[in-house]
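First up is the structure itself, then whatever we jot down about it.
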Amino acid sequence: FKNHTRFVPLYHYVGGLLVIAIFGGSIVNLINADAHTHYSAALIVCISFVLLIIFWYARAFALKAQDRAIRAEENFRHFILTGKPLPKELSMGKIVALRFAGDEELAALTQKALSENLSAKQIKQSVKNWRADNNRA
């Protein structure tokens, strides 16, 4: 439970800091630009802002695609184990939390999550037989 999140240091820390530094530096460059360099400084701000957007959405889109795959996989796994699809009342966060539960506890934990309105964190803390996911985006 304590180490299931995934951080890629080169992307999250180095890349993130560099993109923010480039954006900040481009703004400083624009502020200090004279009449001859103002246009190019403004273009650099625009380019660095686009880079910031790309950096953010590259991660967001990957996570959204992963969420869709998790929903399909967990719905299929629940169907195989119980003969019923996952309840519609489960949020995406709760489905993501349930994926860490082993097959033997998935059905019971799903019902507990619904009846006690457990949060995603509470669901993860309730998992007894943790199923690691080493193929995360």
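Ordered as shown in the structure tokens, chains take letters A, B, and onward, while each chain numbers its residues from 1 and ligands are numbered from 1 in the order shown.
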9 Å contact set for A:Asn129, only C-alpha atoms, chain neighbours under 5 positions out, as a PyMOL selection string
chain A and resi 100-105
Test item: residues at most 9 Å from stretch 21-32 of chain A, only C-alpha atoms, excluding those fewer than 5 positions along its chain, as a PyMOL selection string:
chain A and resi 16+37-42+44-49+51-52
Just want the 12 Å neighbourhood of A:Arg59, counted on only C-alpha atoms, with same-chain residues fewer than 6 positions away dropped. Output as a PyMOL selection string.
chain A and resi 6-8+11-12+15-16+52-53+65-66+136-137
Suppose we keep N, CA and C atoms; can you now write the selection as a PDB file, in the first residue's frame?
ATOM      1  N   ARG A   6       3.546   5.344  -8.698  1.00  0.00           N
ATOM      2  CA  ARG A   6       4.690   5.223  -9.611  1.00  0.00           C
ATOM      3  C   ARG A   6       5.177   6.605 -10.003  1.00  0.00           C
ATOM      4  N   PHE A   7       6.434   6.864  -9.711  1.00  0.00           N
ATOM      5  CA  PHE A   7       7.077   8.095 -10.146  1.00  0.00           C
ATOM      6  C   PHE A   7       8.295   7.725 -10.970  1.00  0.00           C
ATOM      7  N   VAL A   8       8.432   8.371 -12.097  1.00  0.00           N
ATOM      8  CA  VAL A   8       9.611   8.205 -12.940  1.00  0.00           C
ATOM      9  C   VAL A   8      10.448   9.455 -12.698  1.00  0.00           C
ATOM     10  N   TYR A  11      11.271  11.885 -15.526  1.00  0.00           N
ATOM     11  CA  TYR A  11      10.102  12.589 -16.055  1.00  0.00           C
ATOM     12  C   TYR A  11       9.515  13.544 -15.020  1.00  0.00           C
ATOM     13  N   HIS A  12       9.156  13.006 -13.853  1.00  0.00           N
ATOM     14  CA  HIS A  12       8.433  13.788 -12.857  1.00  0.00           C
ATOM     15  C   HIS A  12       9.266  14.887 -12.215  1.00  0.00           C
ATOM     16  N   GLY A  15      12.392  16.403 -15.608  1.00  0.00           N
ATOM     17  CA  GLY A  15      11.636  16.981 -16.718  1.00  0.00           C
ATOM     18  C   GLY A  15      10.692  18.076 -16.262  1.00  0.00           C
ATOM     19  N   GLY A  16       9.957  17.816 -15.179  1.00  0.00           N
ATOM     20  CA  GLY A  16       9.024  18.812 -14.663  1.00  0.00           C
ATOM     21  C   GLY A  16       9.709  20.101 -14.257  1.00  0.00           C
ATOM     22  N   LEU A  52       4.921  23.218 -21.790  1.00  0.00           N
ATOM     23  CA  LEU A  52       4.314  22.962 -20.486  1.00  0.00           C
ATOM     24  C   LEU A  52       2.989  22.205 -20.648  1.00  0.00           C
ATOM     25  N   ILE A  53       2.190  22.623 -21.599  1.00  0.00           N
ATOM     26  CA  ILE A  53       0.914  21.944 -21.870  1.00  0.00           C
ATOM     27  C   ILE A  53       1.156  20.509 -22.326  1.00  0.00           C
ATOM     28  N   ALA A  65      -6.006   6.773 -20.394  1.00  0.00           N
ATOM     29  CA  ALA A  65      -6.030   5.519 -21.141  1.00  0.00           C
ATOM     30  C   ALA A  65      -5.855   4.330 -20.191  1.00  0.00           C
ATOM     31  N   GLN A  66      -4.981   4.489 -19.208  1.00  0.00           N
ATOM     32  CA  GLN A  66      -4.771   3.430 -18.228  1.00  0.00           C
ATOM     33  C   GLN A  66      -6.045   3.212 -17.402  1.00  0.00           C
ATOM     34  N   ARG A 136       2.496  -0.301 -14.768  1.00  0.00           N
ATOM     35  CA  ARG A 136       1.781   0.977 -14.722  1.00  0.00           C
ATOM     36  C   ARG A 136       2.425   2.016 -15.624  1.00  0.00           C
ATOM     37  N   ALA A 137       1.574   2.939 -16.102  1.00  0.00           N
ATOM     38  CA  ALA A 137       2.063   4.039 -16.921  1.00  0.00           C
ATOM     39  C   ALA A 137       2.511   5.179 -16.033  1.00  0.00           C
TER      40      ALA A 137
END
Excluding stretch 116-119 of chain A and any residue of its chain fewer than 6 positions from it, enumerate the residues within 12 Å of it, using only C-alpha atoms, and give them as a list in words.
Glu89, Leu90, Ser91, Met92, Gly93, Lys94, Ile95, Val96, Ala97, Leu98, Ala108, Leu109, Thr110, Gln125 and Ser126 of chain A
Could you jot down the atom CA of A:Leu114 to atom CA of A:Ala132 separation for me, Å, one decimal place?
22.9 Å
If you run DSSP over the backbone, which residues in chain A end up helix (DSSP H, G or I)? Put them as an MDAnalysis selection string.
chainID A and resid 9:31 38:82 92:98 103:115 120:126
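In terms of minimum interatomic distance to A:Ile20, A:Trp56 ranks closest within A:His78, A:Trp56, A:Ser115, A:Trp130, counting only C-alpha atoms.
In terms of minimum interatomic distance to A:Phe76, A:Arg99 ranks closest within A:Ile54, A:Lys64, A:Lys124, A:Arg99, counting only C-alpha atoms.
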Calculated over only C-alpha atoms, which of the candidates A:Phe55, A:Arg131, A:Phe61, A:Arg71 has the smallest distance to A:Lys88?
A:Arg71
